[in-house]
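Dumped start.txt below, it's compact mmCIF, C-alpha atoms:
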# COMPACT_ATOMS: atom_id res chain seq x y z
CA MET A 1 -15.98 13.30 -8.51
CA THR A 2 -19.07 14.36 -6.50
CA LYS A 3 -22.53 15.36 -7.69
CA PHE A 4 -21.75 18.93 -6.62
CA ASP A 5 -18.75 19.04 -8.97
CA ASP A 6 -20.87 17.71 -11.83
CA LEU A 7 -23.54 20.33 -11.14
CA GLU A 8 -20.91 23.06 -11.28
CA LYS A 9 -19.71 21.78 -14.65
CA LEU A 10 -23.26 21.74 -15.97
CA ALA A 11 -23.79 25.32 -14.76
CA ASP A 12 -20.57 26.38 -16.54
CA LEU A 13 -21.72 24.74 -19.76
CA LYS A 14 -25.05 26.55 -19.47
CA LYS A 15 -23.31 29.91 -18.90
CA LYS A 16 -21.12 29.37 -21.96
CA GLY A 17 -24.23 28.67 -24.05
CA ILE A 18 -23.27 25.06 -24.80
CA LEU A 19 -26.38 23.77 -22.99
CA THR A 20 -29.86 25.20 -23.35
CA GLU A 21 -32.08 25.72 -20.30
CA LYS A 22 -34.04 22.55 -21.09
CA GLU A 23 -30.87 20.47 -21.62
CA PHE A 24 -29.44 21.84 -18.38
CA GLU A 25 -32.57 20.90 -16.42
CA ASP A 26 -32.67 17.41 -18.00
CA GLN A 27 -29.00 16.75 -17.19
CA LYS A 28 -29.43 18.14 -13.67
CA LYS A 29 -32.47 15.92 -13.04
CA LYS A 30 -30.64 12.87 -14.42
CA LEU A 31 -27.59 13.63 -12.27
CA LEU A 32 -29.61 14.07 -9.07
CA THR A 33 -31.55 10.83 -9.61
CA THR A 34 -28.51 8.57 -10.11
CA THR A 35 -27.75 6.32 -7.19
CA GLU A 36 -24.40 6.06 -5.48
CA ASN A 37 -23.84 2.60 -7.00
CA GLU A 38 -24.30 3.99 -10.50
CA GLN A 39 -21.82 6.75 -9.72
CA GLU A 40 -19.30 4.21 -8.39
CA THR A 41 -19.67 2.19 -11.59
CA VAL A 42 -19.01 5.29 -13.69
CA SER A 43 -15.95 6.19 -11.59
CA ASP A 44 -14.65 2.60 -11.88
CA GLU A 45 -14.75 2.90 -15.67
CA ASN A 46 -12.30 5.82 -15.45
CA ILE A 47 -9.61 3.76 -13.67
CA ASP A 48 -6.51 3.21 -15.79
CA THR A 49 -5.80 -0.54 -15.66
CA SER A 50 -2.54 -0.38 -17.63
CA PRO A 51 0.64 -1.32 -15.72
CA LEU A 52 1.80 2.29 -15.54
CA GLY A 53 -1.72 3.37 -14.58
CA ARG A 54 -1.67 0.92 -11.68
CA TYR A 55 1.65 2.35 -10.48
CA ILE A 56 0.46 5.96 -10.72
CA GLY A 57 -2.87 5.00 -9.14
CA CYS A 58 -1.08 3.88 -5.98
CA PHE A 59 0.50 7.33 -5.66
CA GLU A 60 -2.90 8.93 -6.24
CA LYS A 61 -4.11 6.88 -3.25
CA TYR A 62 -0.94 7.92 -1.39
CA ALA A 63 -2.02 7.13 2.18
CA THR A 64 -5.34 5.38 1.57
CA PHE A 65 -5.41 2.34 3.81
CA GLN A 66 -9.15 1.72 3.40
CA GLY A 67 -10.63 -0.28 0.57
CA ARG A 68 -9.20 -3.06 -1.54
CA ALA A 69 -6.41 -3.48 -4.11
CA SER A 70 -6.34 -6.14 -6.81
CA ARG A 71 -3.40 -8.44 -7.40
CA SER A 72 -2.45 -6.55 -10.55
CA GLU A 73 -2.49 -3.20 -8.74
CA TYR A 74 -0.20 -4.53 -6.01
CA TRP A 75 2.22 -6.42 -8.21
CA TRP A 76 2.57 -3.71 -10.90
CA PHE A 77 3.24 -1.15 -8.20
CA PHE A 78 5.76 -3.49 -6.56
CA LEU A 79 7.56 -4.13 -9.87
CA PHE A 80 7.77 -0.47 -10.93
CA ASN A 81 8.78 0.52 -7.40
CA PHE A 82 11.55 -2.11 -7.34
CA LEU A 83 12.90 -1.08 -10.77
CA ILE A 84 12.89 2.63 -9.91
CA MET A 85 14.69 1.90 -6.63
CA ILE A 86 17.42 0.03 -8.53
CA ILE A 87 17.78 2.85 -11.08
CA THR A 88 17.79 5.66 -8.51
CA ASP A 89 20.28 3.80 -6.35
CA PHE A 90 23.04 4.90 -8.74
CA ILE A 91 22.15 8.59 -8.30
CA PRO A 92 23.39 10.08 -4.99
CA PHE A 93 20.53 10.72 -2.53
CA ALA A 94 17.87 10.03 -5.22
CA GLY A 95 17.46 6.42 -4.10
CA ARG A 96 16.97 7.39 -0.48
CA LEU A 97 14.54 10.18 -1.35
CA TYR A 98 12.50 7.90 -3.60
CA CYS A 99 12.51 5.21 -0.90
CA LEU A 100 11.16 7.68 1.66
CA PHE A 101 8.62 8.98 -0.84
CA SER A 102 7.33 5.51 -1.79
CA VAL A 103 7.23 3.76 1.59
CA ILE A 104 3.74 5.05 2.53
CA PRO A 105 2.10 4.08 -0.80
CA LEU A 106 3.78 0.67 -0.55
CA LEU A 107 2.38 0.12 2.94
CA ALA A 108 -1.03 1.41 1.84
CA VAL A 109 -1.28 -0.86 -1.23
CA SER A 110 -0.05 -3.80 0.88
CA VAL A 111 -2.80 -3.23 3.44
CA ARG A 112 -5.43 -2.81 0.69
CA ARG A 113 -4.18 -6.02 -0.96
CA LEU A 114 -4.70 -7.89 2.31
CA HIS A 115 -8.17 -6.36 2.53
CA ASP A 116 -8.91 -7.85 -0.91
CA ILE A 117 -8.49 -11.37 0.52
CA ASN A 118 -10.56 -10.32 3.56
CA ARG A 119 -7.62 -10.12 5.97
CA GLY A 120 -6.73 -7.27 8.28
CA GLY A 121 -3.93 -4.87 7.43
CA TRP A 122 -2.13 -5.63 10.70
CA TRP A 123 -0.46 -8.62 8.96
CA VAL A 124 1.99 -6.14 7.36
CA PHE A 125 3.34 -4.71 10.60
CA PRO A 126 4.99 -7.54 12.67
CA PRO A 127 8.04 -7.84 10.35
CA LEU A 128 8.40 -4.05 10.28
CA ILE A 129 8.23 -3.84 14.07
CA THR A 130 10.76 -6.68 14.31
CA ILE A 131 13.15 -4.88 11.95
CA PHE A 132 12.92 -1.70 14.06
CA LEU A 133 13.29 -3.56 17.38
CA PHE A 134 16.19 -5.70 16.17
CA PRO A 135 18.96 -3.08 16.64
CA ILE A 136 17.61 -2.11 20.07
CA VAL A 137 17.57 -5.71 21.31
CA ILE A 138 21.01 -6.45 19.85
CA THR A 139 22.44 -3.33 21.51
CA PHE A 140 20.92 -4.36 24.84
CA VAL A 141 22.18 -7.96 24.59
CA MET A 142 25.64 -6.82 23.46
CA GLY A 143 25.89 -4.31 26.33
CA TYR A 144 24.66 -6.82 28.89
CA SER A 145 27.01 -9.55 27.69
CA LEU A 146 29.99 -7.18 27.69
CA MET A 147 29.17 -6.12 31.26
CA THR A 148 28.94 -9.71 32.47
CA THR A 149 32.01 -11.09 30.66
CA GLU A 150 35.58 -9.98 30.55
CA ILE A 151 36.56 -7.58 27.79
CA ILE A 152 39.31 -10.02 26.84
CA MET A 153 36.71 -12.54 25.56
CA PRO A 154 34.34 -10.72 23.14
CA GLU A 155 33.58 -14.08 21.50
CA ILE A 156 31.21 -14.81 24.38
CA SER A 157 29.04 -11.80 23.52
CA LEU A 158 28.81 -13.11 19.95
CA LEU A 159 27.83 -16.48 21.36
CA PHE A 160 24.91 -14.81 23.16
CA MET A 161 23.85 -12.92 20.05
CA PHE A 162 23.90 -15.76 17.53
CA PRO A 163 20.67 -17.50 18.70
CA LEU A 164 18.92 -14.14 18.98
CA ILE A 165 19.90 -13.08 15.47
CA THR A 166 18.83 -16.48 14.14
CA ILE A 167 15.40 -16.18 15.78
CA PHE A 168 14.88 -12.67 14.40
CA LEU A 169 15.89 -13.66 10.88
CA LEU A 170 13.74 -16.82 10.92
CA PHE A 171 10.74 -14.84 12.13
CA ILE A 172 11.15 -12.24 9.37
CA LEU A 173 11.67 -14.97 6.74
CA VAL A 174 8.61 -17.02 7.76
CA TRP A 175 6.37 -13.96 8.03
CA SER A 176 7.57 -12.69 4.64
CA ILE A 177 6.71 -16.04 3.05
CA ILE A 178 3.24 -15.88 4.61
CA LEU A 179 2.73 -12.35 3.24
CA PHE A 180 3.99 -13.40 -0.20
CA VAL A 181 1.41 -16.20 -0.30
CA PHE A 182 -1.34 -13.79 0.82
CA TYR A 183 -0.37 -11.27 -1.88
CA CYS A 184 -0.61 -14.03 -4.53
CA LEU A 185 -4.06 -15.26 -3.48
CA PRO A 186 -7.04 -14.11 -5.55
CA GLY A 187 -9.36 -11.63 -3.85
CA THR A 188 -12.91 -12.40 -2.85
CA ASN A 189 -15.32 -12.12 -5.79
CA GLU A 190 -18.09 -10.43 -3.85
CA GLU A 191 -18.10 -7.47 -1.50
CA ASN A 192 -16.27 -8.27 1.72
CA ASN A 193 -15.69 -6.52 5.08
CA TYR A 194 -13.43 -3.94 3.40
CA GLY A 195 -15.54 -2.88 0.43
CA LYS A 196 -16.50 -3.86 -3.09
CA LYS A 197 -14.29 -5.83 -5.49
CA PRO A 198 -11.57 -3.66 -7.05
CA VAL A 199 -11.26 -3.21 -10.80
Give the structure from this file in structure tokens form.
Amino acid sequence: MTKFDDLEKLADLKKKGILTEKEFEDQKKKLLTTTENEQETVSDENIDTSPLGRYIGCFEKYATFQGRASRSEYWWFFLFNFLIMIITDFIPFAGRLYCLFSVIPLLAVSVRRLHDINRGGWWVFPPLITIFLFPIVITFVMGYSLMTTEIIMPEISLLFMFPLITIFLLFILVWSIILFVFYCLPGTNEENNYGKKPV
């Protein structure tokens, strides 16, 4: 909420007769003299820190990749997201729609969680890029191996693909373990390169 919004509310209260002229001027003066840090502290007090509040808060920050996210914000969102995906998986198309709807907030809270430990958000993207490139590379390798071997021996194309698949899967596994460890680390206690400590 900005100072301008607060001033509008004060003006409405004055029009309705709830505030006198003197009270209006006092509140206006007090509002205009508060610093940004005091306003941030007031807005932090309004954050719902319950598990459900953390989940809803991530959707309120739908595509906010700036700032920081605490461990509880990340893990509560992850848990609720996982449970809802399991439940909606039994309803035709609902699981896919929810998955599409929640992928951006999941990426955003993951990036903000990395910011909390003073790491860049780019750590999230190598496994995702690998997952998207995997079918393209496999298709290329499969096509190339089929062109260079006889159709009678398709086992050879599988022989070419096995090491490639193993490398891809190992890369995704190792990177996922690294991210898991990062998500479990406590955030920095003081302000870091990405902002002040989250609530």
Atomic distance atom CA of A:Glu191 - atom CA of A:Leu114, expressed in Å with one decimal: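 Atom-to-atom, atom CA of A:Glu191 to atom CA of A:Leu114, that is 13.9 Å.
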Residues within 9 Å of A:Ile84, only C-alpha atoms, excluding chain neighbours under 5 positions, as a VMD selection string: chain A and resid 79 89 95 98
Go ahead and save the picked residues with C-alpha atoms, as a CSV table (one decimal), in the frame of the given file.
chain,number,residue,atom,x,y,z
A,79,LEU,CA,7.6,-4.1,-9.9
A,89,ASP,CA,20.3,3.8,-6.4
A,95,GLY,CA,17.5,6.4,-4.1
A,98,TYR,CA,12.5,7.9,-3.6
Separation of atom CA of A:Asp12 from atom CA of A:Lys29 in Å: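 Atom CA of A:Lys29 sits 16.2 Å away from atom CA of A:Asp12.
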Nearby residues (all atoms listed in the file) at most 12 Å from A:Gly53, same-chain spacing under 3 positions excluded, as a PyMOL selection string: chain A and resi 46-50+56-60+72-74+76-77+80
Selection: 9 Å around A:Ser176, only C-alpha atoms, excl. self and same-chain fewer than 5 positions, as a ChimeraX atom specification: /A:127,171,181
Would you output that residue set with C-alpha atoms, as a tab-separated table (two decimals), in the coordinates of the input?
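Wrote again.tsv, looks like this:
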chain	number	residue	atom	x	y	z
A	127	PRO	CA	8.04	-7.84	10.35
A	171	PHE	CA	10.74	-14.84	12.13
A	181	VAL	CA	1.41	-16.20	-0.30
Point-to-point distance in Å for atom CA of A:Tyr183 and atom CA of A:Arg68: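 Value for the atom CA of A:Arg68-atom CA of A:Tyr183 distance: 12.1 Å.
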Counting all atoms listed in the file, the option among A:Trp175, A:Phe90, A:Cys184, A:Gln27 closest to A:Lys14: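 Once distances to A:Lys14 are computed over all atoms listed in the file, the minimum belongs to A:Gln27.
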Surrounding residues of A:Phe134 excluding itself and chain neighbours under 5 positions, 9 Å, all atoms listed in the file, as number ranges by chain: A: 129, 139, 165, 168
Writing out the chosen residues with C-alpha atoms as a CSV table (one decimal), in the frame of the given file:
chain,number,residue,atom,x,y,z
A,129,ILE,CA,8.2,-3.8,14.1
A,139,THR,CA,22.4,-3.3,21.5
A,165,ILE,CA,19.9,-13.1,15.5
A,168,PHE,CA,14.9,-12.7,14.4
Selected residue, from A:Ala63, A:Ile18, A:Met85, A:Leu31, that lies nearest to A:Ile104 when counting only C-alpha atoms: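 So, comparing all the options, the nearest one is A:Ala63.
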Quick one: stretch 8-19 of chain A with all heavy atoms, as a compact mmCIF listing (two decimals), in the frame of the given file?
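Final output, selection09.txt:
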# COMPACT_ATOMS: atom_id res chain seq x y z
N GLU A 8 -21.68 21.86 -10.93
CA GLU A 8 -20.91 23.06 -11.28
C GLU A 8 -20.49 23.05 -12.74
O GLU A 8 -20.57 24.07 -13.43
CB GLU A 8 -19.65 23.16 -10.39
CG GLU A 8 -19.92 23.69 -9.02
CD GLU A 8 -18.64 23.87 -8.21
OE1 GLU A 8 -17.55 23.47 -8.69
OE2 GLU A 8 -18.72 24.42 -7.11
N LYS A 9 -20.09 21.88 -13.25
CA LYS A 9 -19.71 21.78 -14.65
C LYS A 9 -20.91 22.04 -15.56
O LYS A 9 -20.77 22.71 -16.59
CB LYS A 9 -19.12 20.40 -14.94
CG LYS A 9 -17.71 20.23 -14.44
CD LYS A 9 -17.15 18.90 -14.85
CE LYS A 9 -15.72 18.77 -14.36
NZ LYS A 9 -15.10 17.51 -14.74
N LEU A 10 -22.05 21.48 -15.18
CA LEU A 10 -23.26 21.74 -15.97
C LEU A 10 -23.60 23.22 -15.99
O LEU A 10 -23.98 23.77 -17.04
CB LEU A 10 -24.44 20.92 -15.42
CG LEU A 10 -24.43 19.43 -15.69
CD1 LEU A 10 -25.60 18.75 -14.97
CD2 LEU A 10 -24.49 19.14 -17.19
N ALA A 11 -23.49 23.88 -14.84
CA ALA A 11 -23.79 25.32 -14.76
C ALA A 11 -22.82 26.11 -15.64
O ALA A 11 -23.23 27.07 -16.32
CB ALA A 11 -23.71 25.79 -13.32
N ASP A 12 -21.55 25.71 -15.67
CA ASP A 12 -20.57 26.38 -16.54
C ASP A 12 -20.92 26.21 -18.00
O ASP A 12 -20.81 27.15 -18.80
CB ASP A 12 -19.16 25.85 -16.28
CG ASP A 12 -18.57 26.34 -14.97
OD1 ASP A 12 -19.08 27.34 -14.42
OD2 ASP A 12 -17.59 25.72 -14.50
N LEU A 13 -21.34 24.99 -18.38
CA LEU A 13 -21.72 24.74 -19.76
C LEU A 13 -22.95 25.56 -20.15
O LEU A 13 -23.05 26.04 -21.28
CB LEU A 13 -22.00 23.25 -19.97
CG LEU A 13 -20.79 22.32 -19.90
CD1 LEU A 13 -21.22 20.86 -19.97
CD2 LEU A 13 -19.79 22.63 -21.01
N LYS A 14 -23.85 25.73 -19.21
CA LYS A 14 -25.05 26.55 -19.47
C LYS A 14 -24.66 28.02 -19.66
O LYS A 14 -25.14 28.70 -20.57
CB LYS A 14 -26.05 26.40 -18.33
CG LYS A 14 -27.34 27.16 -18.52
CD LYS A 14 -28.21 27.04 -17.29
CE LYS A 14 -29.25 28.14 -17.33
NZ LYS A 14 -29.87 28.31 -16.05
N LYS A 15 -23.76 28.51 -18.80
CA LYS A 15 -23.31 29.91 -18.90
C LYS A 15 -22.62 30.18 -20.23
O LYS A 15 -22.75 31.25 -20.81
CB LYS A 15 -22.35 30.25 -17.76
CG LYS A 15 -23.01 30.48 -16.45
CD LYS A 15 -21.97 30.81 -15.39
CE LYS A 15 -22.59 30.90 -14.02
NZ LYS A 15 -21.58 31.12 -12.97
N LYS A 16 -21.85 29.20 -20.71
CA LYS A 16 -21.12 29.37 -21.96
C LYS A 16 -22.03 29.22 -23.18
O LYS A 16 -21.59 29.43 -24.31
CB LYS A 16 -19.98 28.35 -22.04
CG LYS A 16 -18.89 28.60 -21.04
CD LYS A 16 -17.83 27.52 -21.11
CE LYS A 16 -16.76 27.75 -20.05
NZ LYS A 16 -15.78 26.65 -20.01
N GLY A 17 -23.28 28.82 -22.95
CA GLY A 17 -24.23 28.67 -24.05
C GLY A 17 -24.15 27.33 -24.74
O GLY A 17 -24.78 27.12 -25.77
N ILE A 18 -23.39 26.39 -24.20
CA ILE A 18 -23.27 25.06 -24.80
C ILE A 18 -24.54 24.26 -24.53
O ILE A 18 -24.98 23.48 -25.37
CB ILE A 18 -22.02 24.34 -24.26
CG1 ILE A 18 -20.77 25.12 -24.67
CG2 ILE A 18 -21.93 22.90 -24.74
CD1 ILE A 18 -19.49 24.64 -24.05
N LEU A 19 -25.13 24.44 -23.34
CA LEU A 19 -26.38 23.77 -22.99
C LEU A 19 -27.52 24.79 -22.96
O LEU A 19 -27.34 25.90 -22.45
CB LEU A 19 -26.28 23.10 -21.61
CG LEU A 19 -25.38 21.88 -21.46
CD1 LEU A 19 -25.36 21.44 -20.00
CD2 LEU A 19 -25.83 20.74 -22.33
